[in-house]
Number of protein chains: 4
Amino acid sequence: MTTAELERETKNRVPTHPGTTMKALVYHGPGKRAWEEKPRPAIQHPGDAIVRITTSTICGTDLHILKGDLPSVTDGRILGHEGIGVVEQVGTGVSEFRMGERVIVSCVTACLKCDFCRKNMYSHCRHGGWILGNTIDGTQAEYVRIPQADGSLYSFPSDGDEEALVMLSDILPTGFECGVLNGQVKPGDTVAIVGAGPVGLAVLMTAQFYSPATIFMIDLDDKRLAVAKKFGATTLINSTDGHAARRVMELTEGAGVDVAIEAVGIPTTFAICEGIVAAGGRIANVGVHGKPVELHLEKLWDRNISLTTRLVDTVTTAMLLKVVRSGKLQPKQLVTHRFAMNDIMKAYETFGNAAQEGALKVVLTANQ
Amino acid sequence: MTTAELERETKNRVPTHPGTTMKALVYHGPGKRAWEEKPRPAIQHPGDAIVRITTSTICGTDLHILKGDLPSVTDGRILGHEGIGVVEQVGTGVSEFRMGERVIVSCVTACLKCDFCRKNMYSHCRHGGWILGNTIDGTQAEYVRIPQADGSLYSFPSDGDEEALVMLSDILPTGFECGVLNGQVKPGDTVAIVGAGPVGLAVLMTAQFYSPATIFMIDLDDKRLAVAKKFGATTLINSTDGHAARRVMELTEGAGVDVAIEAVGIPTTFAICEGIVAAGGRIANVGVHGKPVELHLEKLWDRNISLTTRLVDTVTTAMLLKVVRSGKLQPKQLVTHRFAMNDIMKAYETFGNAAQEGALKVVLTANQ
Amino acid sequence: MTTAELERETKNRVPTHPGTTMKALVYHGPGKRAWEEKPRPAIQHPGDAIVRITTSTICGTDLHILKGDLPSVTDGRILGHEGIGVVEQVGTGVSEFRMGERVIVSCVTACLKCDFCRKNMYSHCRHGGWILGNTIDGTQAEYVRIPQADGSLYSFPSDGDEEALVMLSDILPTGFECGVLNGQVKPGDTVAIVGAGPVGLAVLMTAQFYSPATIFMIDLDDKRLAVAKKFGATTLINSTDGHAARRVMELTEGAGVDVAIEAVGIPTTFAICEGIVAAGGRIANVGVHGKPVELHLEKLWDRNISLTTRLVDTVTTAMLLKVVRSGKLQPKQLVTHRFAMNDIMKAYETFGNAAQEGALKVVLTANQ
Amino acid sequence: MTTAELERETKNRVPTHPGTTMKALVYHGPGKRAWEEKPRPAIQHPGDAIVRITTSTICGTDLHILKGDLPSVTDGRILGHEGIGVVEQVGTGVSEFRMGERVIVSCVTACLKCDFCRKNMYSHCRHGGWILGNTIDGTQAEYVRIPQADGSLYSFPSDGDEEALVMLSDILPTGFECGVLNGQVKPGDTVAIVGAGPVGLAVLMTAQFYSPATIFMIDLDDKRLAVAKKFGATTLINSTDGHAARRVMELTEGAGVDVAIEAVGIPTTFAICEGIVAAGGRIANVGVHGKPVELHLEKLWDRNISLTTRLVDTVTTAMLLKVVRSGKLQPKQLVTHRFAMNDIMKAYETFGNAAQEGALKVVLTANQ
């Protein structure tokens with residue numbers, strides 16, 4: 001170890017404010033959350049970084065956790081897997097980031113070394129994956145410990161906007177990787193997106209990177225569909241009457257769609273995708289499913305289709321950052337509500353009533 | 001039209017033996033078939049060719065038809081979609097073949113002109129697809145009319161063996177395209193093939209083009225498994241005890257397989273594939289399914305898998321022909337029984353009792 | 001042959017105006033062209049169609065021919081390989097088009113049946129390729145014979161604009177296939193296009209299907225660069241001073257570009273591409289070269305680059321048509337001048353002085 | 001840091017034999033090398049590992065260095081970038097390897113974290129690439145320091161053979177990645193490999209993973225060609241008469257080859273590749289070039305070819321390891337001579353006279 005490195009290590013080892021605490025949004029079993037005092041995190045492994053959160057947001061998954069749907073999340077866990085912040089401290093094994101640097105926190109933790117990471121499947125990292133706000137404490141807090149920091153943080157560009165780029169933590173790579181890349185959207189394609197919630201809209205925004213000719217947006221809620229129109233959907237279909245699939249088949253003169261993207265996670269919406277995929281087409285599943293679905297292989301076996309599933313790998317973060325910086329992607333459009341981090345309890349209520357509130361993404365800003 | 005062309009057209013227009021009849025294997029409703037007299041086929045459209053069949057074979061699908069499973073096949077239909085023969089006559093629109101040329105008949109008829117053919121999805125050809133021995137008369141006869149001949153016949157090489165190359169009509173492209181290409185088999189991969197019937201064995205033979213490290217073969221029948229061993233399977237699993245999936249997971253130390261290929265067509269075998277596919281792996285469906293299956297999206301949604309279906313397109317016939325000619329593929333291994341075409345009724349019995357007879361492919365040879 | 005078909009054939013065989021002549025632009029050796037009387041073309045082969053041209057245009061290649069650069073073009077040849085028209089007559093082998101249908105004529109003739117067509121390399125079709133206005137008479141005429149019509153014509157959509165869609169005959173597929181697809185342009189990429197002539201601009205327009213972040217446009221002419229700016233180039237570089245490569249390297253902070261597209265066809269412009277391609281990048285050659293170039297393998301051998309060449313295959317015509325119809329591609333922007341077909345001699349002069357005239361594409365309209 | 005980790009770190013920090021020296025093959029300027037005493041390497045950075053070399057080998061590049069061709073290699077440098085060994089010590093940032101583990105040393109050092117590593121271009125790693133035995137001390141020594149150890153070492157399998165697996169350090173991934181993968185060898189392809197030296201043979205061995213139908217091997221030396229025959233080449237061409245390209249064109253009936261792989265690195269052999277590549281084919285450059293070549297774009301611009309260059313990334317090491325373990329690749333065939341490490345001076349002489357000695361790979365074994 002060189003002198004400079006030893007010095008840096010020593011400096012970093014000194015906790016910024018030893019013994020102090022912080023505020024965080026803590027899960028206390030189904031239906032229970034609190035904005036409370038917790039010990040400030042410290043470096044535990046050489047690859048760790050401590051990040052002071054400046055901007056965060058709430059994900060639909062956080063609501064699922066609060067319902068008690070995810071047994072991996074236990075009482076006392078700090079929630080949140082999205083955020084922008086400033087590096088406060090780094091372990092000796094961290095080489096790509098240093099104190100004071102502003103960073104995007106990825107929802108997926110990646111060691112970059114294991115067999116899965118080597119295959120660009122960070123979601124299945126042997127030492128990471130989606131653990132933040134799940135099996136370890138997350139980003140809805142003043143500070144967060146990020147393991148495998150070199151693989152899990154991204155440099156925040158000097159000309160960046162925190163509200164826009166916090167969408168790169170999860171929602172945009174999720175829509176893009178699971179929906180658009182897996183669906184292999186191509187110029188001139190006919191695409192259907194089932195579900196106009198935040199993730200479906202992220203699919204919609206990033207699908208346009210590839211200039212499809214037609215984008216059907218299917219949802220139960222006309223308000224959400226109106227937003228989809230603004231974001232570039234070419235045809236809106238309200239599926240309340242149960243005839244969405246039939247409608248798509250009529251509009252495509254019986255051909256169906258090249259790409260059907262499931263962005264809800266229930267059997268009904270999956271069935272729509274099955275019903276509208278063209279021969280030779282792709283079904284890309286984005287939604288989180290809690291139950292099996294019926295796959296009509298007796299109809300599909302000879303239709304030359306593909307069906308994909310994926311947990312976001314966040315391997316496209318660097319690419320997405322370039323597109324945002326070029327102005328061709330405007331993630332800020334997703335932000336409908338803003339709260340101070342101290343008001344996170346209220347922010348959860350708003351986000352929990354997304355339909356009534358017209359909420360897409362709710363941004364939380366740390367107190368300066 | 002040049003003189004030569006007019007001459008050729010005129011010659012071709014003269015039916016070889018006007019008014020004569022031929023023998024053919026005719027379907028007469030569920031359970032009923034006969035080797036009987038039928039009118040010899042004639043050119044109906046400019047793209048047609050008449051082929052005198054010299055070698056044919058029986059497909060598992062023919063047995064399905066005889067059970068009455070395929071309503072598209074009606075009483076009076078000549079069965080068969082595989083064959084080698086000699087061109088007797090061509091329509092004026094046929095440019096790639098001429099009288100006297102020996103040809104391989106593809107099970108799929110391709111116009112080459114429609115949108116699906118342009119996308120290499122001959123299976124969905126607007127003017128063809130799988131129609132031979134289905135919606136038009138087939139190859140288990142002395143003569144057959146081949147529509148769209150330029151897209152549906154392949155030149156038989158001068159050094160070819162009819163018994164070997166008749167396997168290019170259907171079974172080898174089916175195994176290769178639906179199983180191996182869709183499954184994206186790669187060097188070093190772990191592959192599982194569920195079903196050691198003729199199609200599963202065709203998958204097994206062609207999977208080895210890509211040098212996978214391990215090939216599990218799963219079947220209920222030890223005799224078929226023994227054949228699979230001879231054909232290159234590295235591990236045999238008899239699934240009679242219902243624990244095939246568990247066994248594969250143990251043998252792969254919990255990882256599962258990179259590629260799971262379904263070559264049977266029932267929910268049980270599909271369930272094995274679902275149960276053993278590794279994170280990041282592929283399920284390639286080859287089997288013909290009559291019922292829906294349960295897809296466990298609640299387990300698979302975050303596993304980064306792909307699932308494909310496909311009716312064979314026979315777009316790889318030229319490639320397969322090259323590999324056969326190089327000696328790297330030995331299709332003749334699939335032939336277990338040989339009959340004269342006149343004995344086709346007996347051949348069907350043997351093939352219908354495949355398990356007891358140890359039958360894989362049954363070759364039919366025309367009387368000289 | 002059915003009665004209907006025989007009837008249709010008979011009808012088609014009757015030449016529309018037997019014995020009549022037409023006007024056409026005829027090449028008479030280097031530097032010599034004339035708008036003169038020629039016999040009207042007739043069906044020669046079953047796959048032929050006769051098309052009455054309603055809109056045509058002039059290609060840079062036509063100027064090369066006139067200079068005498070292409071020995072394949074001989075005295076008496078009618079020039080032109082781009083056009084829109086109406087089918088007047090079809091041979092008996094034509095199945096996809098009928099009399100009275102409006103069509104786009106592709107610059108590449110494709111039989112769809114040969115080994116190259118089967119590999120989607122229509123440019124190398126055994127019975128076609130680029131032959132129109134080259135080895136057979138072309139589209140700068142009142143009528144043209146199109147061999148292999150089913151593979152060489154595309155249906156003109158009812159809502160189409162002839163001026164826009166005549167750009168699908170050659171220039172747009174050329175830019176898209178040779179430049180953008182071969183260059184594998186991806187979202188967020190940095191792209192450089194060397195040459196802002198019509199083909200370079202077609203590259204520029206179609207590159208944007210994939211949302212690159214930065215597009216450098218390099219040319220000697222500021223007027224053309226100004227047009228490129230309007231068409232979506234993000235950075236303009238006038239290469240008159242010989243420092244274009246250095247400038248790109250500075251602007252990319254030494255990294256170079258992901259994709260360098262050569263759209264001129266001389267050693268100097270190729271050298272710029274070699275000099276600016278990033279490690280891991282692609283050079284896509286679009287230009288027609290008359291001389292060898294120096295390839296600096298001593299610098300490039302370890303740079304993980306790819307270099308591609310391609311004669312347009314026009315396999316993306318259907319895709320481009322969809323994108324045009326969706327409004328995401330506006331080919332009409334390329335049209336700067338319009339002439340009646342009778343004034344084609346003047347149109348050639350204008351196009352021959354493209355720089356002074358500010359000419360991109362010059363459209364020719366038939367007299368009604 | 002946990003107690004266990006602190007303990008491990010402390011243990012690792014104790015140099016195995018502080019103050020001791022070792023023997024190593026040292027470069028002392030053009031033509032000068034010596035097997036001499038050098039200080040034993042020590043951990044310098046947290047990501048470093050110290051490896052005790054048990055098996056090494058000599059690369060053609062080492063001979064180039066000795067001629068003085070690589071200015072990056074300076075007086076005093078320990079040569080060698082291939083080896084098998086045992087981990088003696090690891091830095092605090094190393095997580096994938098521990099003391100006592102047997103490892104394969106990759107010729108390419110990869111941090112896994114930089115933009116190039118993220119794109120699987122380890123060859124261009126910002127903190128590594130090919131540096132061993134080049135800009136830092138290498139593996140022809142008793143001990144070597146491996147920076148970025150987690151990305152640059154691979155676990156040696158318990159059933160492995162050191163002589164076989166030392167071929168995974170460089171030569172097999174080089175042949176496979178630069179030649180076979182970049183050349184996109186497919187089943188049934190016609191492949192030509194120009195150069196039957198060790199690297200050309202590595203291409204030959206790994207090309208067979210994809211079952212090409214024909215492999216032409218082209219070289220000046222009949223002895224090497226005879227070896228190629230044994231390794232699977234189907235046709236041998238001695239290029240001494242300068243007519244190799246013509247010969248290939250005759251044997252392919254004018255079509256040329258699907259893939260031409262350059263494994264020498266001089267203009268003459270590159271010219272053969274240019275001369276034999278089929279329309280639609282690929283030229284994959286493997287050779288290290290010292291001079292520019294003439295690229296005949298005036299002939300190739302419309303031939304739809306691709307040309308690739310690549311410095312080995314060693315991203316396929318895990319895949320190759322699986323294929324070796326399956327028995328489908330026998331790297332030991334490449335070993336022709338064996339020496340004790342102490343006799344490395346003699347080993348260099350043998351390898352330097354490869355043609356006369358019939359030497360392919362020369363294996364060096366450490367004294368036990």
# chains A, B, ... in the order shown; residues from 1 in each chain; ligands from 1
$ residues_around --residues "D:Ala271" --least-positions-apart "2" --cutoff "9 Å" --atoms "only C-alpha atoms" --output "NGL selection string"
:D and (245 or 266-269 or 273-276 or 293-295)
$ write_last_selection --atoms "N, CA, C and O atoms" --output "PDB file, in the first residue's frame"
ATOM      1  N   ALA D 245      -4.677 -18.111 -52.352  1.00  0.00           N
ATOM      2  CA  ALA D 245      -6.006 -17.522 -52.560  1.00  0.00           C
ATOM      3  C   ALA D 245      -6.668 -18.145 -53.786  1.00  0.00           C
ATOM      4  O   ALA D 245      -7.834 -18.540 -53.746  1.00  0.00           O
ATOM      5  N   ILE D 266       0.961 -10.251 -41.097  1.00  0.00           N
ATOM      6  CA  ILE D 266       1.723  -9.528 -42.125  1.00  0.00           C
ATOM      7  C   ILE D 266       0.812  -9.245 -43.326  1.00  0.00           C
ATOM      8  O   ILE D 266      -0.207  -9.905 -43.507  1.00  0.00           O
ATOM      9  N   PRO D 267       1.208  -8.250 -44.146  1.00  0.00           N
ATOM     10  CA  PRO D 267       0.353  -7.882 -45.283  1.00  0.00           C
ATOM     11  C   PRO D 267       0.038  -9.050 -46.226  1.00  0.00           C
ATOM     12  O   PRO D 267      -1.082  -9.160 -46.716  1.00  0.00           O
ATOM     13  N   THR D 268       0.986  -9.937 -46.459  1.00  0.00           N
ATOM     14  CA  THR D 268       0.751 -11.044 -47.396  1.00  0.00           C
ATOM     15  C   THR D 268      -0.389 -11.945 -46.944  1.00  0.00           C
ATOM     16  O   THR D 268      -1.219 -12.367 -47.752  1.00  0.00           O
ATOM     17  N   THR D 269      -0.405 -12.273 -45.684  1.00  0.00           N
ATOM     18  CA  THR D 269      -1.445 -13.183 -45.202  1.00  0.00           C
ATOM     19  C   THR D 269      -2.784 -12.465 -45.106  1.00  0.00           C
ATOM     20  O   THR D 269      -3.830 -13.057 -45.347  1.00  0.00           O
ATOM     21  N   CYS D 273      -6.590 -13.310 -47.047  1.00  0.00           N
ATOM     22  CA  CYS D 273      -7.941 -13.231 -46.462  1.00  0.00           C
ATOM     23  C   CYS D 273      -8.857 -12.350 -47.300  1.00  0.00           C
ATOM     24  O   CYS D 273     -10.002 -12.702 -47.578  1.00  0.00           O
ATOM     25  N   GLU D 274      -8.335 -11.183 -47.687  1.00  0.00           N
ATOM     26  CA  GLU D 274      -9.129 -10.294 -48.547  1.00  0.00           C
ATOM     27  C   GLU D 274      -9.526 -10.983 -49.841  1.00  0.00           C
ATOM     28  O   GLU D 274     -10.608 -10.750 -50.377  1.00  0.00           O
ATOM     29  N   GLY D 275      -8.635 -11.810 -50.333  1.00  0.00           N
ATOM     30  CA  GLY D 275      -8.853 -12.421 -51.641  1.00  0.00           C
ATOM     31  C   GLY D 275      -9.818 -13.586 -51.620  1.00  0.00           C
ATOM     32  O   GLY D 275     -10.313 -14.004 -52.668  1.00  0.00           O
ATOM     33  N   ILE D 276     -10.091 -14.137 -50.463  1.00  0.00           N
ATOM     34  CA  ILE D 276     -10.911 -15.362 -50.419  1.00  0.00           C
ATOM     35  C   ILE D 276     -12.227 -15.203 -49.683  1.00  0.00           C
ATOM     36  O   ILE D 276     -13.034 -16.121 -49.650  1.00  0.00           O
ATOM     37  N   VAL D 293      -1.914  -2.350 -44.014  1.00  0.00           N
ATOM     38  CA  VAL D 293      -2.183  -3.226 -45.157  1.00  0.00           C
ATOM     39  C   VAL D 293      -3.016  -2.439 -46.163  1.00  0.00           C
ATOM     40  O   VAL D 293      -3.597  -1.406 -45.834  1.00  0.00           O
ATOM     41  N   GLU D 294      -3.047  -2.944 -47.368  1.00  0.00           N
ATOM     42  CA  GLU D 294      -3.882  -2.321 -48.393  1.00  0.00           C
ATOM     43  C   GLU D 294      -5.248  -3.001 -48.347  1.00  0.00           C
ATOM     44  O   GLU D 294      -5.345  -4.225 -48.453  1.00  0.00           O
ATOM     45  N   LEU D 295      -6.287  -2.199 -48.161  1.00  0.00           N
ATOM     46  CA  LEU D 295      -7.632  -2.761 -48.133  1.00  0.00           C
ATOM     47  C   LEU D 295      -8.317  -2.422 -49.451  1.00  0.00           C
ATOM     48  O   LEU D 295      -8.506  -1.239 -49.772  1.00  0.00           O
TER      49      LEU D 295
END
$ interface_residues --of "chain D" --to "chain B" --cutoff "9 Å" --atoms "only C-alpha atoms" --output "PDB file with N, CA, C and O atoms, in the first residue's frame"
ATOM      1  N   LYS D 186     -20.216 -20.704 -37.927  1.00  0.00           N
ATOM      2  CA  LYS D 186     -21.526 -21.345 -37.743  1.00  0.00           C
ATOM      3  C   LYS D 186     -21.510 -22.767 -38.312  1.00  0.00           C
ATOM      4  O   LYS D 186     -20.702 -23.080 -39.183  1.00  0.00           O
ATOM      5  N   PRO D 187     -22.446 -23.610 -37.855  1.00  0.00           N
ATOM      6  CA  PRO D 187     -22.518 -24.962 -38.410  1.00  0.00           C
ATOM      7  C   PRO D 187     -22.619 -24.929 -39.936  1.00  0.00           C
ATOM      8  O   PRO D 187     -23.379 -24.133 -40.486  1.00  0.00           O
ATOM      9  N   GLY D 188     -21.840 -25.775 -40.587  1.00  0.00           N
ATOM     10  CA  GLY D 188     -21.885 -25.861 -42.033  1.00  0.00           C
ATOM     11  C   GLY D 188     -21.013 -24.857 -42.761  1.00  0.00           C
ATOM     12  O   GLY D 188     -20.863 -24.927 -43.980  1.00  0.00           O
ATOM     13  N   ASP D 189     -20.398 -23.933 -42.027  1.00  0.00           N
ATOM     14  CA  ASP D 189     -19.582 -22.890 -42.657  1.00  0.00           C
ATOM     15  C   ASP D 189     -18.325 -23.452 -43.310  1.00  0.00           C
ATOM     16  O   ASP D 189     -17.822 -24.515 -42.942  1.00  0.00           O
ATOM     17  N   GLN D 208     -14.020 -25.641 -34.098  1.00  0.00           N
ATOM     18  CA  GLN D 208     -14.807 -26.869 -34.179  1.00  0.00           C
ATOM     19  C   GLN D 208     -15.923 -26.958 -33.128  1.00  0.00           C
ATOM     20  O   GLN D 208     -16.779 -27.826 -33.216  1.00  0.00           O
ATOM     21  N   PHE D 209     -15.929 -26.013 -32.172  1.00  0.00           N
ATOM     22  CA  PHE D 209     -17.083 -25.940 -31.249  1.00  0.00           C
ATOM     23  C   PHE D 209     -18.375 -25.735 -32.034  1.00  0.00           C
ATOM     24  O   PHE D 209     -19.446 -26.051 -31.541  1.00  0.00           O
ATOM     25  N   TYR D 210     -18.270 -25.133 -33.210  1.00  0.00           N
ATOM     26  CA  TYR D 210     -19.459 -24.725 -33.972  1.00  0.00           C
ATOM     27  C   TYR D 210     -19.694 -25.561 -35.230  1.00  0.00           C
ATOM     28  O   TYR D 210     -20.487 -25.184 -36.083  1.00  0.00           O
ATOM     29  N   SER D 211     -18.997 -26.663 -35.380  1.00  0.00           N
ATOM     30  CA  SER D 211     -19.257 -27.623 -36.454  1.00  0.00           C
ATOM     31  C   SER D 211     -19.246 -27.046 -37.863  1.00  0.00           C
ATOM     32  O   SER D 211     -20.157 -27.295 -38.655  1.00  0.00           O
ATOM     33  N   PRO D 212     -18.203 -26.289 -38.222  1.00  0.00           N
ATOM     34  CA  PRO D 212     -18.099 -25.879 -39.623  1.00  0.00           C
ATOM     35  C   PRO D 212     -17.911 -27.121 -40.496  1.00  0.00           C
ATOM     36  O   PRO D 212     -17.423 -28.147 -40.028  1.00  0.00           O
ATOM     37  N   ALA D 213     -18.318 -27.009 -41.763  1.00  0.00           N
ATOM     38  CA  ALA D 213     -18.226 -28.168 -42.650  1.00  0.00           C
ATOM     39  C   ALA D 213     -16.812 -28.335 -43.196  1.00  0.00           C
ATOM     40  O   ALA D 213     -16.313 -29.445 -43.348  1.00  0.00           O
ATOM     41  N   THR D 214     -16.161 -27.215 -43.493  1.00  0.00           N
ATOM     42  CA  THR D 214     -14.850 -27.251 -44.142  1.00  0.00           C
ATOM     43  C   THR D 214     -13.913 -26.284 -43.442  1.00  0.00           C
ATOM     44  O   THR D 214     -14.304 -25.148 -43.160  1.00  0.00           O
ATOM     45  N   ALA D 318     -14.207 -18.763 -18.506  1.00  0.00           N
ATOM     46  CA  ALA D 318     -15.090 -19.683 -17.782  1.00  0.00           C
ATOM     47  C   ALA D 318     -15.744 -20.670 -18.749  1.00  0.00           C
ATOM     48  O   ALA D 318     -15.862 -21.862 -18.457  1.00  0.00           O
ATOM     49  N   MET D 319     -16.162 -20.177 -19.900  1.00  0.00           N
ATOM     50  CA  MET D 319     -16.767 -21.049 -20.900  1.00  0.00           C
ATOM     51  C   MET D 319     -15.759 -22.092 -21.396  1.00  0.00           C
ATOM     52  O   MET D 319     -16.072 -23.286 -21.494  1.00  0.00           O
ATOM     53  N   LEU D 320     -14.559 -21.643 -21.690  1.00  0.00           N
ATOM     54  CA  LEU D 320     -13.537 -22.565 -22.191  1.00  0.00           C
ATOM     55  C   LEU D 320     -13.224 -23.642 -21.151  1.00  0.00           C
ATOM     56  O   LEU D 320     -13.004 -24.811 -21.485  1.00  0.00           O
ATOM     57  N   LEU D 321     -13.204 -23.232 -19.911  1.00  0.00           N
ATOM     58  CA  LEU D 321     -12.934 -24.165 -18.823  1.00  0.00           C
ATOM     59  C   LEU D 321     -13.995 -25.271 -18.815  1.00  0.00           C
ATOM     60  O   LEU D 321     -13.691 -26.455 -18.646  1.00  0.00           O
ATOM     61  N   LYS D 322     -15.250 -24.881 -19.021  1.00  0.00           N
ATOM     62  CA  LYS D 322     -16.309 -25.888 -19.062  1.00  0.00           C
ATOM     63  C   LYS D 322     -16.121 -26.850 -20.234  1.00  0.00           C
ATOM     64  O   LYS D 322     -16.354 -28.051 -20.092  1.00  0.00           O
ATOM     65  N   VAL D 323     -15.733 -26.313 -21.372  1.00  0.00           N
ATOM     66  CA  VAL D 323     -15.575 -27.184 -22.537  1.00  0.00           C
ATOM     67  C   VAL D 323     -14.382 -28.126 -22.332  1.00  0.00           C
ATOM     68  O   VAL D 323     -14.445 -29.309 -22.677  1.00  0.00           O
ATOM     69  N   VAL D 324     -13.305 -27.615 -21.764  1.00  0.00           N
ATOM     70  CA  VAL D 324     -12.159 -28.492 -21.475  1.00  0.00           C
ATOM     71  C   VAL D 324     -12.595 -29.610 -20.529  1.00  0.00           C
ATOM     72  O   VAL D 324     -12.309 -30.788 -20.761  1.00  0.00           O
ATOM     73  N   ARG D 325     -13.305 -29.248 -19.467  1.00  0.00           N
ATOM     74  CA  ARG D 325     -13.708 -30.258 -18.487  1.00  0.00           C
ATOM     75  C   ARG D 325     -14.654 -31.291 -19.075  1.00  0.00           C
ATOM     76  O   ARG D 325     -14.720 -32.426 -18.604  1.00  0.00           O
ATOM     77  N   SER D 326     -15.425 -30.899 -20.094  1.00  0.00           N
ATOM     78  CA  SER D 326     -16.339 -31.857 -20.726  1.00  0.00           C
ATOM     79  C   SER D 326     -15.610 -32.803 -21.658  1.00  0.00           C
ATOM     80  O   SER D 326     -16.202 -33.744 -22.180  1.00  0.00           O
ATOM     81  N   GLY D 327     -14.320 -32.543 -21.899  1.00  0.00           N
ATOM     82  CA  GLY D 327     -13.547 -33.408 -22.776  1.00  0.00           C
ATOM     83  C   GLY D 327     -13.656 -33.046 -24.250  1.00  0.00           C
ATOM     84  O   GLY D 327     -13.054 -33.700 -25.104  1.00  0.00           O
ATOM     85  N   LYS D 328     -14.396 -31.991 -24.565  1.00  0.00           N
ATOM     86  CA  LYS D 328     -14.596 -31.626 -25.975  1.00  0.00           C
ATOM     87  C   LYS D 328     -13.469 -30.746 -26.511  1.00  0.00           C
ATOM     88  O   LYS D 328     -13.453 -30.411 -27.694  1.00  0.00           O
TER      89      LYS D 328
END
$ residues_around --residues "stretch 171-173 of chain C" --least-positions-apart "3" --cutoff "7 Å" --atoms "only C-alpha atoms" --output "list of chain:residue names"
C:Met167, C:Leu168, C:Phe176, C:Glu177, C:Val199, C:Ala202, C:Val312, C:Thr314, C:Thr316, C:Thr317
$ residues_around --residues "B:Asp241" --least-positions-apart "2" --cutoff "12 Å" --atoms "only C-alpha atoms" --output "ChimeraX atom specification"
/B:218-221,237-239,243-247
$ residues_around --residues "stretch 107-124 of chain C" --least-positions-apart "4" --cutoff "8 Å" --atoms "only C-alpha atoms" --output "ChimeraX atom specification"
/B:96,112-113,150-151 /C:81-82,128-132,146-152,169-170,311-315 /D:279-280
$ closest_residue --among "B:Ser95, B:Glu163, B:Arg145, B:Lys67" --to "C:His127" --atoms "only C-alpha atoms"
B:Ser95
$ residues_around --residues "C:Leu70" --least-positions-apart "5" --cutoff "9 Å" --atoms "only C-alpha atoms" --output "number ranges by chain"
C: 64-65, 134
$ residues_around --residues "B:Lys346" --least-positions-apart "6" --cutoff "12 Å" --atoms "only C-alpha atoms" --output "PyMOL selection string"
chain B and resi 25+33-35+58+337-340+352-353+362-364
$ select_by_dssp --residues "stretch 123-357 of chain D" --states "strand (DSSP E)" --output "ChimeraX atom specification"
/D:143-146,153-155,190-194,214-219,235-238,257-262,277-285,293-295,306-308,335-340
$ select_by_dssp --residues "stretch 34-173 of chain D" --states "helix (DSSP H, G or I)" --output "tab-separated table (two decimals) with C-alpha atoms, in the first residue's frame"
chain	number	residue	atom	x	y	z
D	60	GLY	CA	5.29	-15.78	-29.50
D	61	THR	CA	4.88	-12.27	-28.13
D	62	ASP	CA	7.77	-12.93	-25.73
D	63	LEU	CA	9.99	-13.47	-28.75
D	64	HIS	CA	8.79	-10.18	-30.24
D	65	ILE	CA	9.67	-8.46	-26.98
D	66	LEU	CA	13.13	-9.97	-27.07
D	67	LYS	CA	13.66	-8.59	-30.57
D	115	ASP	CA	-16.43	1.32	-18.57
D	116	PHE	CA	-14.48	-1.05	-20.80
D	117	CYS	CA	-14.66	-3.96	-18.35
D	118	ARG	CA	-18.40	-3.33	-18.02
D	122	TYR	CA	-11.17	-6.42	-20.47
D	123	SER	CA	-8.39	-5.92	-23.01
D	124	HIS	CA	-8.96	-2.19	-22.69
D	149	ALA	CA	-6.75	-10.36	-8.74
D	150	ASP	CA	-10.51	-10.94	-8.58
D	151	GLY	CA	-10.82	-10.13	-12.27
D	152	SER	CA	-7.55	-11.64	-13.42
D	162	GLU	CA	-1.85	-27.83	-15.34
D	163	GLU	CA	-0.32	-28.42	-18.76
D	164	ALA	CA	-3.73	-28.33	-20.36
D	165	LEU	CA	-5.13	-25.38	-18.45
D	166	VAL	CA	-2.14	-23.10	-18.81
D	167	MET	CA	-3.40	-22.84	-22.41
D	168	LEU	CA	-6.36	-20.90	-20.99
D	171	ILE	CA	-3.66	-18.85	-26.50
D	172	LEU	CA	-7.07	-20.53	-26.37
D	173	PRO	CA	-9.10	-17.42	-25.52
